[in-house]
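Comments concern the structure below.
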4 protein chains.
Amino acid sequence: MLNQKVVLAYSGGLDTSVAVQWLKEKGYEVIACCLDVGEGKDLDFVQSKALKVGASKSYVIDAKQEFADEFALLALQSHALYEGKYPLVSALSRPLIAKKLVEIAEQENATAVAHGCTGKGNDQVRFEVSIAALNPSLEVLAPVRDWKWSREEEIEYAKEKGIPVPINLDSPYSIDQNLWGRSNECGVLEDPWAAPPEDAYDLTVSIEEAPDTADTVEITFDKGVPVALDSVPYPLHELIAKLNVLGGKHGVGRIDHVENRLIGIKSREVYECPAAITLLKAHKELEDLTLVKELAHYKPVIEKKMTELIYEGLWFSPLNKALKAFLDESQQFVNGTVRVKLFKGHAIVEGRMSPNSLYDENLATYTKADQFDHDAAVGFIKLWGLPTKVSSMVNKPAKEKVSL
Amino acid sequence: MLNQKVVLAYSGGLDTSVAVQWLKEKGYEVIACCLDVGEGKDLDFVQSKALKVGASKSYVIDAKQEFADEFALLALQSHALYEGKYPLVSALSRPLIAKKLVEIAEQENATAVAHGCTGKGNDQVRFEVSIAALNPSLEVLAPVRDWKWSREEEIEYAKEKGIPVPINLDSPYSIDQNLWGRSNECGVLEDPWAAPPEDAYDLTVSIEEAPDTADTVEITFDKGVPVALDSVPYPLHELIAKLNVLGGKHGVGRIDHVENRLIGIKSREVYECPAAITLLKAHKELEDLTLVKELAHYKPVIEKKMTELIYEGLWFSPLNKALKAFLDESQQFVNGTVRVKLFKGHAIVEGRMSPNSLYDENLATYTKADQFDHDAAVGFIKLWGLPTKVSSMVNKPAKEKVSL
Amino acid sequence: MLNQKVVLAYSGGLDTSVAVQWLKEKGYEVIACCLDVGEGKDLDFVQSKALKVGASKSYVIDAKQEFADEFALLALQSHALYEGKYPLVSALSRPLIAKKLVEIAEQENATAVAHGCTGKGNDQVRFEVSIAALNPSLEVLAPVRDWKWSREEEIEYAKEKGIPVPINLDSPYSIDQNLWGRSNECGVLEDPWAAPPEDAYDLTVSIEEAPDTADTVEITFDKGVPVALDSVPYPLHELIAKLNVLGGKHGVGRIDHVENRLIGIKSREVYECPAAITLLKAHKELEDLTLVKELAHYKPVIEKKMTELIYEGLWFSPLNKALKAFLDESQQFVNGTVRVKLFKGHAIVEGRMSPNSLYDENLATYTKADQFDHDAAVGFIKLWGLPTKVSSMVNKPAKEKVSL
Amino acid sequence: MLNQKVVLAYSGGLDTSVAVQWLKEKGYEVIACCLDVGEGKDLDFVQSKALKVGASKSYVIDAKQEFADEFALLALQSHALYEGKYPLVSALSRPLIAKKLVEIAEQENATAVAHGCTGKGNDQVRFEVSIAALNPSLEVLAPVRDWKWSREEEIEYAKEKGIPVPINLDSPYSIDQNLWGRSNECGVLEDPWAAPPEDAYDLTVSIEEAPDTADTVEITFDKGVPVALDSVPYPLHELIAKLNVLGGKHGVGRIDHVENRLIGIKSREVYECPAAITLLKAHKELEDLTLVKELAHYKPVIEKKMTELIYEGLWFSPLNKALKAFLDESQQFVNGTVRVKLFKGHAIVEGRMSPNSLYDENLATYTKADQFDHDAAVGFIKLWGLPTKVSSMVNKPAKEKVSL
């Protein structure tokens, strides 16, 4: 067992720094791995800190592009809002981090991977199910879940081992962030009657402080992929980053949610997702213009399943691929431009246009250009309502039966 | 055939005034019937106008309470937003109007009822299917759909018959309104790239003109029914009316929607629903706190069907009753109070509390009060991810098979 | 801790007999509780055996009627076939047994209840979740899951303690049975390519041995409840018992299923459900005749959820009540009689009639009595296909655009 | 208008023969088009008859392979059983026939196509929506729906025009047939209490007359496509034809269904689908073995939609493509062989094996080889049941609150 290697998902914070030592004491050689998925980390600092606190090797990976193209995009096209509200921030990055941990573990001949989650969140599920899917022979370690220390005990251990303890450790919040947004739980938020305090937010201004002048942005989509802002093309991860700044300036994307965790409890969290909310609104409006009715009415069924699947840690289930195949096909004609006004916490779609628009003014109009066949409605209504009518004729108790 | 009676849904506007004459020329005795479902009509004026333009009898009915208690409430508890956006304004009043038309027809021994819809909208379907369900022996007449006149021809006929032609007839808009909101279509709105002009709105101020100071209101629910504002009890129809004023003042509830009509075309409409949007948000948040996870995750499936059923004119289908039975049962524990901040077009839920809250701080907390069993997660994750893991072990092509 | 009481679900078999001793050694006073849910147990024998092997008290309860009326009936009206095949045999009795265990525990001031399930089946989940729902303060013990003995170790312990070891212990099968059917797993069945051997079945003859003459039975339903066979009224539990005999005689209801257990593995089981399959077929056919189209097309969505909920041990979830409210409402008009031919493994519905039949010969006929409005179809088709047509006109790449 | 061409779906029967004349009298040049989709037509006879009764040109097309590969296969992989019973016989051939009509119309520069449906069935919808989707500029004619003749009037017209009137015209049945089965409506079947008479069936023997010796066939699937019988490879259309004969010999696949037509009425039909039922059973069992649980539980949702979409004539809706993309992906691992016993009206799956089997004996077994982690169940159950438990603790009215 001597010198078995473990690849640890390393964030640079106290928990995972302590975990490096703790794992070494269990006899592991610890390889740290830190991903940037858009939280704006100082990767150099994290890389060297890992080595300082005892890692034998320290990987840092800029995964913003992969995160945007393969994870955030799917969430966008799924209109993923867990329980109608939460755009799946952390739920999207966990499978990507798991994938990288497994790749490095295979490359380094490690026998285990480790993450810093506690036993009460969703992320432990997402990590462990993803890792089992990608390489079921890897052992998964969860030091923080295992050691069960109080905050005080953890700090004492850290001091003893010479691990730097951050000054702002008294922060009542537990934060996670990536390109698709920022989540925050704990502290005062644990009372669902209390409004979230201003300092719970970081990416967005309050509506009170939002500027009195709107910004308007035109977002162009190509087969459901956002490809340009105001006609300037951007790679998706840059486009999202830009919208985070622009939306944040106007207070767009604050979410306050009492949600059902996979592990059986309700928790209350706040999220900030300026780009995600802006893009979700714009994309939906373009679909309203371009999807044929039957598809538009059925796609939400798929969306709900995809959202729950991702939230529940099953990204690598074969069901994901099948749902994604549906979604890919659905985006075929989602082309066009949406004009969004960002103002006082709103992302308001003011206009949408598309070469594939199914809105036909000549059918919809009430002017003389009308080409709709009004007489067809008579027959339509007759057959549409026939089952209800027959049911009523047969089962109405108080009335005598009437003939059709 | 002489002197057969028809009960006409009479609004006081040009179309239905002309319809009185047109029906009389077809040999009918016309009984006018006008409902107030919250649009603030001058009922006395409408009543006497009906007689003036030729009706033999003129009913006016204040149906606000029935509309709120039996129609708007169901839409609220269904979280009814057609295509995720439209809170079913007209779709809710049509079955109620149909019900009243049929009641009067039966009372008056009329052989027919009539409505003023054209052949291109959803409302003709809602009227005709509802009437067929309630009394399949009644004939349904649709004069406006039948006469197929241009606006000019209609005005000429009106003048000829001495029917007053309103001065504001040039209004490019076609409006419908009730307690649950106001809908508006036509004119400039027919270009989906154009932003709706300010004069398309009536119940709400623009965000630009909304006051700089928020109002906060506490809404209390009893078994899913809104019963009080700031602890003052109100009948539902009054509570809705109050919230329309308060929400409207802050610009809450503007909706701009390109939607799929039942009759097969896309149309673009704007809606204003200050009370509906405020109540929908508050009710959802209280459910987030009080519904058990399985119910919370399944209820949207029911909601979607109920919404489509109502939109599609099938209010009186037996399926409505069955869906409603589910919803009624689901509201058993939806008790409590929600604090909503109305500000700059937003209805923001800042706090929620309930005697039936399933949010348990002792389970959710990250403090020492934590009673959650962290070890249980290990077993949970193992079995939760087992299908994905086995699938991966069996079907991963490139890797050798590994043992569990 | 001395003399705390535990109520044990006692079957009379080896496992639960050993469990009595094992629990006593852990310091419990053991109260045995045995339910008859239709497996035809010798209750007197079981009652006295419990006392012989060490229980301080021994309850036996005839729960057939309650099982039929409250559990099997719901499965019937839900058309419950897990994964399209399994009519939920054991899944239905577990919540009832849990309910009785809790009732006795409360009556006896016991602090714990115990069941004899292993750690690999669905039933442990059903027991434990049900008990937690009914009385969350009761401890739940699972001796068989805890002791982890091999068969040999268990027998040795039994002999040592003077617990009678059944002679037929070598049976390769693990059986559970109630009014709704009989399940069987293990042994040769573990190879999914092998056909189940004849001795895996007990309630039914093979098709080869089924009589050459059919039996025909008329089943009468009142609001979806089977109330009579060949016009003779029976309480539901007797009606089911009779159909088990009659169906079994003709080989009806054998099922061979590779299924997904809740706890993450696939298992292969065989079931025999002569009455269940016969009633499910008859009930469905009566619904085909009496349910309005929209309800008929939506009810399967509810059925699927109810089936999974029950299979997954969530009988006492509030979601059950809400789904049941839907189902109750749906059965309002499911009245009438269905004629079923039992023959060579089939339950074939040959005829169905109902006072609430929505099949209208005058609409359906192709004779001169036809009252259907053939012209209505033209308008119906036009609008029904309009979205597809517009989509095609807009998005067909190769063709020039054509006008409507 | 002179000499405009119409392409008529020609069957060789009386209705479409009369239609040739009727269309000619309306001024059209009539091009007949007859497809063989597996009903075993004498194509030479039909081709020359079309010319005899007045067609200017007569196409006959053997479309069996295309029908099997593109239509029947999708129905199979969708487990398409409309209302749980009807495997979509005619609903599958209509879009294919429409496609061929449109192809020939475009090739011949015809301005119209015509079909022989009445105004009361589903097929008129399927034809007309399909044609509008494929070429919205083509006019669609429905002579039989338009002329509204009684049988007697039609015969009189035929005699007058020298159109041969078949001798068996008194047949009370209306038949349609293709590789996927045979449908039959009318006559005595219009009484849903009456059992279908033997002469309503043609492809299958009765169970009474089925042989006393079973046939067993091994069906091999490759990515969900049936490719071999008893290890002998066949093109799909031949494989289906063989199974129709073999299944028919054993009375497999008789269906008696009271169904909801799209056009709003209930009708009663009988179907015979020996191959379809055999393949549907075999395919489902192979999926039970090879699909991961989440996919297995979700696929039925897709199947139901696909089935209804096809039944309702929307084959060419973009939704079909999206659903198909899901299904294609789902079939990735549906490889293996299923052993089916055909006997006395049954197609009984006795064994299934697959290189992609997710049934793992080492997990499922109750022998010593067991590798399942029994302890994991404890944690799983705790979290799985936690929402129900908390709900019960909070909302149980009669009991005092207990702590977790």
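Labels for the structure tokens follow display order: chains A, B, ..., residues from 1 in each chain, ligands from 1.
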
List the spatial neighbours of A:Leu88 as an mmCIF file with C-alpha atoms, in the first residue's frame - criterion: any atom at most 10 Å away, only C-alpha atoms, same-chain residues fewer than 5 positions off excluded.
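See around14.cif below for the written result:
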data_model
loop_
_atom_site.group_PDB
_atom_site.id
_atom_site.type_symbol
_atom_site.label_atom_id
_atom_site.label_comp_id
_atom_site.auth_asym_id
_atom_site.auth_seq_id
_atom_site.Cartn_x
_atom_site.Cartn_y
_atom_site.Cartn_z
ATOM 1 C CA ALA A 72 -23.018 25.224 -19.913
ATOM 2 C CA ALA A 75 -27.768 23.524 -19.693
ATOM 3 C CA LEU A 76 -28.740 26.472 -21.869
ATOM 4 C CA ALA A 80 -32.183 23.963 -17.179
ATOM 5 C CA LEU A 81 -33.753 25.551 -14.125
ATOM 6 C CA TYR A 82 -33.930 23.034 -11.301
ATOM 7 C CA SER A 93 -18.819 21.732 -13.098
ATOM 8 C CA TRP A 180 -22.560 29.754 -15.337
ATOM 9 C CA GLY A 181 -22.938 31.509 -11.975
ATOM 10 C CA ARG A 182 -22.156 31.692 -8.286
ATOM 11 C CA SER A 183 -23.827 29.856 -5.436
ATOM 12 C CA TYR A 271 -27.388 32.235 -6.725
ATOM 13 C CA CYS A 273 -26.267 34.009 -12.768
ATOM 14 C CA ALA A 276 -27.117 32.319 -17.619
ATOM 15 C CA THR A 307 -32.201 19.166 -15.546
ATOM 16 C CA GLU A 308 -32.975 16.621 -12.854
ATOM 17 C CA ILE A 310 -27.693 16.699 -14.107
ATOM 18 C CA TYR A 311 -28.724 17.967 -10.673
#

Enumerate, in order of chain and increasing residue number, the residues of chain A with an atom no farther than 7 Å from chain D, each with its shortest atom pair and distance in Å to one decimal, counting only C-alpha atoms, as a tab-separated table.
residue	atom	partner	partner_atom	distance
A:Ile263	CA	D:Leu383	CA	5.6
A:Gly264	CA	D:Leu386	CA	5.2
A:Ile265	CA	D:Pro387	CA	6.5
A:Glu294	CA	D:Leu319	CA	6.3
A:Leu295	CA	D:Leu319	CA	4.9
A:Pro318	CA	D:Leu295	CA	6.9
A:Leu319	CA	D:Leu295	CA	4.9
A:Lys321	CA	D:Glu329	CA	6.9
A:Ala322	CA	D:Phe326	CA	4.6
A:Leu323	CA	D:Phe326	CA	6.0
A:Ala325	CA	D:Ala325	CA	5.3
A:Phe326	CA	D:Ala322	CA	4.6
A:Glu329	CA	D:Ala322	CA	5.1
A:Ser330	CA	D:Ala322	CA	5.9
A:Leu383	CA	D:Gly264	CA	5.4
A:Trp384	CA	D:Gly264	CA	6.5
A:Leu386	CA	D:Gly264	CA	5.2
A:Pro387	CA	D:Gly264	CA	5.4

Go ahead and write the selection's residues with N, CA and C atoms as an mmCIF file, in the first residue's frame.
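For reference, again-v1.cif as written:
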data_model
loop_
_atom_site.group_PDB
_atom_site.id
_atom_site.type_symbol
_atom_site.label_atom_id
_atom_site.label_comp_id
_atom_site.auth_asym_id
_atom_site.auth_seq_id
_atom_site.Cartn_x
_atom_site.Cartn_y
_atom_site.Cartn_z
ATOM 1 N N ILE A 263 -30.065 14.549 -1.552
ATOM 2 C CA ILE A 263 -29.878 13.679 -0.390
ATOM 3 C C ILE A 263 -30.991 13.861 0.646
ATOM 4 N N GLY A 264 -32.117 14.436 0.229
ATOM 5 C CA GLY A 264 -33.318 14.302 1.039
ATOM 6 C C GLY A 264 -33.699 15.475 1.920
ATOM 7 N N ILE A 265 -32.917 16.547 1.938
ATOM 8 C CA ILE A 265 -33.291 17.684 2.771
ATOM 9 C C ILE A 265 -33.560 18.904 1.904
ATOM 10 N N GLU A 294 -45.607 21.386 -31.900
ATOM 11 C CA GLU A 294 -45.503 20.089 -31.234
ATOM 12 C C GLU A 294 -44.149 19.943 -30.531
ATOM 13 N N LEU A 295 -43.124 20.405 -31.182
ATOM 14 C CA LEU A 295 -41.790 20.333 -30.594
ATOM 15 C C LEU A 295 -41.678 21.289 -29.411
ATOM 16 N N PRO A 318 -26.103 6.889 -19.524
ATOM 17 C CA PRO A 318 -26.484 6.827 -20.943
ATOM 18 C C PRO A 318 -27.755 7.625 -21.252
ATOM 19 N N LEU A 319 -28.584 7.873 -20.260
ATOM 20 C CA LEU A 319 -29.775 8.680 -20.520
ATOM 21 C C LEU A 319 -29.407 10.092 -20.968
ATOM 22 N N LYS A 321 -27.005 11.024 -22.902
ATOM 23 C CA LYS A 321 -26.728 11.007 -24.347
ATOM 24 C C LYS A 321 -28.003 10.979 -25.170
ATOM 25 N N ALA A 322 -28.970 10.201 -24.707
ATOM 26 C CA ALA A 322 -30.218 10.085 -25.473
ATOM 27 C C ALA A 322 -31.007 11.397 -25.414
ATOM 28 N N LEU A 323 -31.051 11.997 -24.233
ATOM 29 C CA LEU A 323 -31.734 13.287 -24.122
ATOM 30 C C LEU A 323 -31.017 14.346 -24.961
ATOM 31 N N ALA A 325 -29.320 13.876 -27.660
ATOM 32 C CA ALA A 325 -29.602 13.649 -29.084
ATOM 33 C C ALA A 325 -30.907 14.333 -29.478
ATOM 34 N N PHE A 326 -31.897 14.246 -28.597
ATOM 35 C CA PHE A 326 -33.153 14.960 -28.835
ATOM 36 C C PHE A 326 -32.894 16.456 -28.936
ATOM 37 N N GLU A 329 -31.094 17.714 -32.074
ATOM 38 C CA GLU A 329 -31.994 17.745 -33.227
ATOM 39 C C GLU A 329 -32.957 18.941 -33.133
ATOM 40 N N SER A 330 -33.364 19.252 -31.907
ATOM 41 C CA SER A 330 -34.333 20.346 -31.728
ATOM 42 C C SER A 330 -33.745 21.714 -32.064
ATOM 43 N N LEU A 383 -64.654 18.761 -34.246
ATOM 44 C CA LEU A 383 -64.000 17.493 -33.931
ATOM 45 C C LEU A 383 -63.141 17.602 -32.672
ATOM 46 N N TRP A 384 -62.539 18.770 -32.467
ATOM 47 C CA TRP A 384 -61.729 18.977 -31.265
ATOM 48 C C TRP A 384 -62.565 18.784 -29.997
ATOM 49 N N LEU A 386 -65.435 17.133 -29.821
ATOM 50 C CA LEU A 386 -66.385 16.020 -29.892
ATOM 51 C C LEU A 386 -66.316 15.067 -28.696
ATOM 52 N N PRO A 387 -65.117 14.664 -28.251
ATOM 53 C CA PRO A 387 -65.099 13.758 -27.089
ATOM 54 C C PRO A 387 -65.771 14.386 -25.864
#

Task: Between atom CA of A:Thr16 and atom CA of A:Arg94 - distance in Å to one decimal - done: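 If I compute the distance from atom CA of A:Arg94 to atom CA of A:Thr16, I get 15.6 Å.
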
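Excluding B:Cys117 itself and any same-chain residue fewer than 2 positions from it, the protein and nucleic acid residues within 7 Å of it, counting only C-alpha atoms, are His115, Gly119, Asp123, Gln124, Ala142, Val144 and Arg145 of chain B.
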
Emit the selected residues as a short mmCIF file (atom, residue, chain, number, x, y, z; two decimals), in the first residue's frame, including N, CA and C atoms.
data_model
loop_
_atom_site.label_atom_id
_atom_site.label_comp_id
_atom_site.auth_asym_id
_atom_site.auth_seq_id
_atom_site.Cartn_x
_atom_site.Cartn_y
_atom_site.Cartn_z
N HIS B 115 -71.51 34.15 -29.95
CA HIS B 115 -70.35 34.87 -29.44
C HIS B 115 -69.76 35.72 -30.55
N GLY B 119 -62.69 33.79 -36.71
CA GLY B 119 -62.33 32.39 -36.98
C GLY B 119 -60.87 32.08 -36.75
N ASP B 123 -60.41 31.82 -28.75
CA ASP B 123 -61.61 31.98 -27.93
C ASP B 123 -62.84 31.31 -28.53
N GLN B 124 -62.94 31.31 -29.86
CA GLN B 124 -64.06 30.61 -30.49
C GLN B 124 -64.08 29.14 -30.06
N ALA B 142 -71.80 32.28 -34.63
CA ALA B 142 -70.61 33.11 -34.54
C ALA B 142 -70.70 34.18 -35.63
N VAL B 144 -69.63 37.20 -36.25
CA VAL B 144 -68.44 37.88 -36.79
C VAL B 144 -67.64 36.95 -37.70
N ARG B 145 -67.57 35.66 -37.31
CA ARG B 145 -66.86 34.69 -38.14
C ARG B 145 -67.62 34.45 -39.44
#

TODO: Find the residues around D:Leu358 up to 7 Å (only C-alpha atoms counted), leave out those fewer than 5 positions away in its own chain, and share them as a PyMOL selection string.
DONE: (chain B and resi 390-391+394) or (chain D and resi 289-290)

Given the selection you just returned, output its residues as a file containing N, CA and C atoms, formatted as a PDB file, in the first residue's frame.
ATOM      1  N   VAL B 390     -22.430   0.033 -13.359  1.00  0.00           N
ATOM      2  CA  VAL B 390     -22.481  -1.267 -14.032  1.00  0.00           C
ATOM      3  C   VAL B 390     -22.503  -1.064 -15.542  1.00  0.00           C
ATOM      4  N   SER B 391     -23.314  -0.098 -15.986  1.00  0.00           N
ATOM      5  CA  SER B 391     -23.388   0.193 -17.412  1.00  0.00           C
ATOM      6  C   SER B 391     -22.015   0.553 -17.962  1.00  0.00           C
ATOM      7  N   VAL B 394     -19.737  -2.531 -18.171  1.00  0.00           N
ATOM      8  CA  VAL B 394     -20.076  -3.470 -19.237  1.00  0.00           C
ATOM      9  C   VAL B 394     -19.785  -2.877 -20.617  1.00  0.00           C
TER      10      VAL B 394
ATOM     11  N   LEU D 289     -32.859  -6.210 -20.429  1.00  0.00           N
ATOM     12  CA  LEU D 289     -31.552  -6.758 -20.048  1.00  0.00           C
ATOM     13  C   LEU D 289     -30.424  -5.746 -20.246  1.00  0.00           C
ATOM     14  N   THR D 290     -30.590  -4.843 -21.218  1.00  0.00           N
ATOM     15  CA  THR D 290     -29.445  -4.038 -21.651  1.00  0.00           C
ATOM     16  C   THR D 290     -29.547  -2.543 -21.368  1.00  0.00           C
TER      17      THR D 290
END

TODO: Give me every helix (DSSP H, G or I) residue in stretch 37-254 of chain D, going by DSSP on the backbone, as a PyMOL selection string.
DONE: chain D and resi 43-52+64-77+89-108+123-134+143-147+151-161+167-170+187-190+198-200+236-249

Saved selection, atoms kept: C-alpha atoms, as a CSV table (one decimal), in the first residue's frame:
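Now in out.csv:
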chain,number,residue,atom,x,y,z
D,43,LEU,CA,-49.4,-5.7,-58.7
D,44,ASP,CA,-49.6,-6.6,-62.3
D,45,PHE,CA,-53.4,-6.9,-62.0
D,46,VAL,CA,-53.7,-3.6,-60.2
D,47,GLN,CA,-51.5,-1.8,-62.7
D,48,SER,CA,-53.5,-2.9,-65.7
D,49,LYS,CA,-56.8,-2.4,-63.9
D,50,ALA,CA,-56.0,1.2,-63.3
D,51,LEU,CA,-55.4,1.8,-67.0
D,52,LYS,CA,-58.6,-0.1,-67.8
D,64,LYS,CA,-41.8,-3.4,-48.6
D,65,GLN,CA,-38.2,-2.8,-47.8
D,66,GLU,CA,-38.5,0.9,-47.3
D,67,PHE,CA,-41.6,0.3,-45.2
D,68,ALA,CA,-39.8,-2.1,-43.0
D,69,ASP,CA,-36.6,-0.2,-42.6
D,70,GLU,CA,-37.9,3.3,-42.1
D,71,PHE,CA,-41.4,2.9,-40.7
D,72,ALA,CA,-42.0,-0.5,-39.1
D,73,LEU,CA,-38.6,-0.4,-37.4
D,74,LEU,CA,-39.3,2.9,-35.8
D,75,ALA,CA,-42.6,1.6,-34.5
D,76,LEU,CA,-40.8,-1.4,-33.1
D,77,GLN,CA,-38.1,0.6,-31.3
D,89,VAL,CA,-50.6,-0.7,-38.8
D,90,SER,CA,-52.2,1.8,-41.2
D,91,ALA,CA,-50.7,4.8,-39.4
D,92,LEU,CA,-47.3,3.6,-40.5
D,93,SER,CA,-48.0,3.1,-44.2
D,94,ARG,CA,-49.9,6.4,-44.8
D,95,PRO,CA,-46.8,8.7,-44.6
D,96,LEU,CA,-44.9,6.4,-46.9
D,97,ILE,CA,-47.7,6.3,-49.5
D,98,ALA,CA,-48.0,10.1,-49.2
D,99,LYS,CA,-44.2,10.4,-49.8
D,100,LYS,CA,-44.5,8.3,-53.0
D,101,LEU,CA,-47.5,10.2,-54.2
D,102,VAL,CA,-45.6,13.5,-53.8
D,103,GLU,CA,-42.5,12.2,-55.5
D,104,ILE,CA,-44.6,11.0,-58.5
D,105,ALA,CA,-46.6,14.3,-58.6
D,106,GLU,CA,-43.4,16.3,-58.7
D,107,GLN,CA,-41.9,14.0,-61.4
D,108,GLU,CA,-45.1,14.2,-63.5
D,123,ASP,CA,-56.1,8.1,-42.6
D,124,GLN,CA,-57.4,11.2,-44.3
D,125,VAL,CA,-55.5,13.2,-41.7
D,126,ARG,CA,-52.4,11.2,-42.1
D,127,PHE,CA,-52.4,11.6,-45.9
D,128,GLU,CA,-53.2,15.3,-46.0
D,129,VAL,CA,-50.9,16.4,-43.2
D,130,SER,CA,-48.1,14.4,-44.7
D,131,ILE,CA,-48.7,15.7,-48.2
D,132,ALA,CA,-48.8,19.3,-46.9
D,133,ALA,CA,-45.5,18.7,-45.1
D,134,LEU,CA,-43.8,17.3,-48.2
D,143,PRO,CA,-63.2,12.1,-53.9
D,144,VAL,CA,-64.8,9.5,-51.6
D,145,ARG,CA,-65.2,12.2,-48.9
D,146,ASP,CA,-66.6,14.6,-51.4
D,147,TRP,CA,-69.1,12.6,-53.4
D,151,ARG,CA,-73.0,2.2,-51.5
D,152,GLU,CA,-75.9,1.8,-53.9
D,153,GLU,CA,-75.3,5.1,-55.6
D,154,GLU,CA,-71.6,4.3,-56.0
D,155,ILE,CA,-72.4,0.9,-57.6
D,156,GLU,CA,-74.9,2.5,-59.9
D,157,TYR,CA,-72.3,5.0,-61.0
D,158,ALA,CA,-69.7,2.2,-61.5
D,159,LYS,CA,-72.0,0.2,-63.6
D,160,GLU,CA,-72.9,3.2,-65.7
D,161,LYS,CA,-69.2,3.9,-66.3
D,167,ILE,CA,-68.4,-9.9,-56.3
D,168,ASN,CA,-67.5,-9.9,-52.6
D,169,LEU,CA,-68.7,-6.4,-52.2
D,170,ASP,CA,-71.1,-7.5,-49.6
D,187,GLY,CA,-70.2,-4.8,-39.4
D,188,VAL,CA,-70.8,-6.9,-36.4
D,189,LEU,CA,-67.8,-5.3,-34.7
D,190,GLU,CA,-69.8,-2.2,-34.2
D,198,GLU,CA,-63.8,-15.9,-36.9
D,199,ASP,CA,-64.1,-14.6,-40.4
D,200,ALA,CA,-62.9,-11.2,-39.2
D,236,LEU,CA,-35.9,-6.8,-42.1
D,237,HIS,CA,-38.9,-6.9,-44.5
D,238,GLU,CA,-38.3,-10.6,-45.1
D,239,LEU,CA,-37.8,-11.3,-41.4
D,240,ILE,CA,-41.1,-9.7,-40.6
D,241,ALA,CA,-42.9,-11.6,-43.4
D,242,LYS,CA,-41.5,-14.9,-42.0
D,243,LEU,CA,-42.6,-14.1,-38.5
D,244,ASN,CA,-46.1,-13.2,-39.8
D,245,VAL,CA,-46.4,-16.7,-41.2
D,246,LEU,CA,-44.9,-18.4,-38.1
D,247,GLY,CA,-46.8,-16.3,-35.6
D,248,GLY,CA,-50.0,-16.6,-37.6
D,249,LYS,CA,-49.7,-20.3,-37.5

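Taking atom CA of A:Ile175 and atom CA of A:Ser150 as the two end points, the separation is 18.7 Å.
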
Task: Backbone DSSP call of strand (DSSP E) for stretch 173-211 of chain B, listed as a PyMOL selection string - done: chain B and resi 174-178+181-185
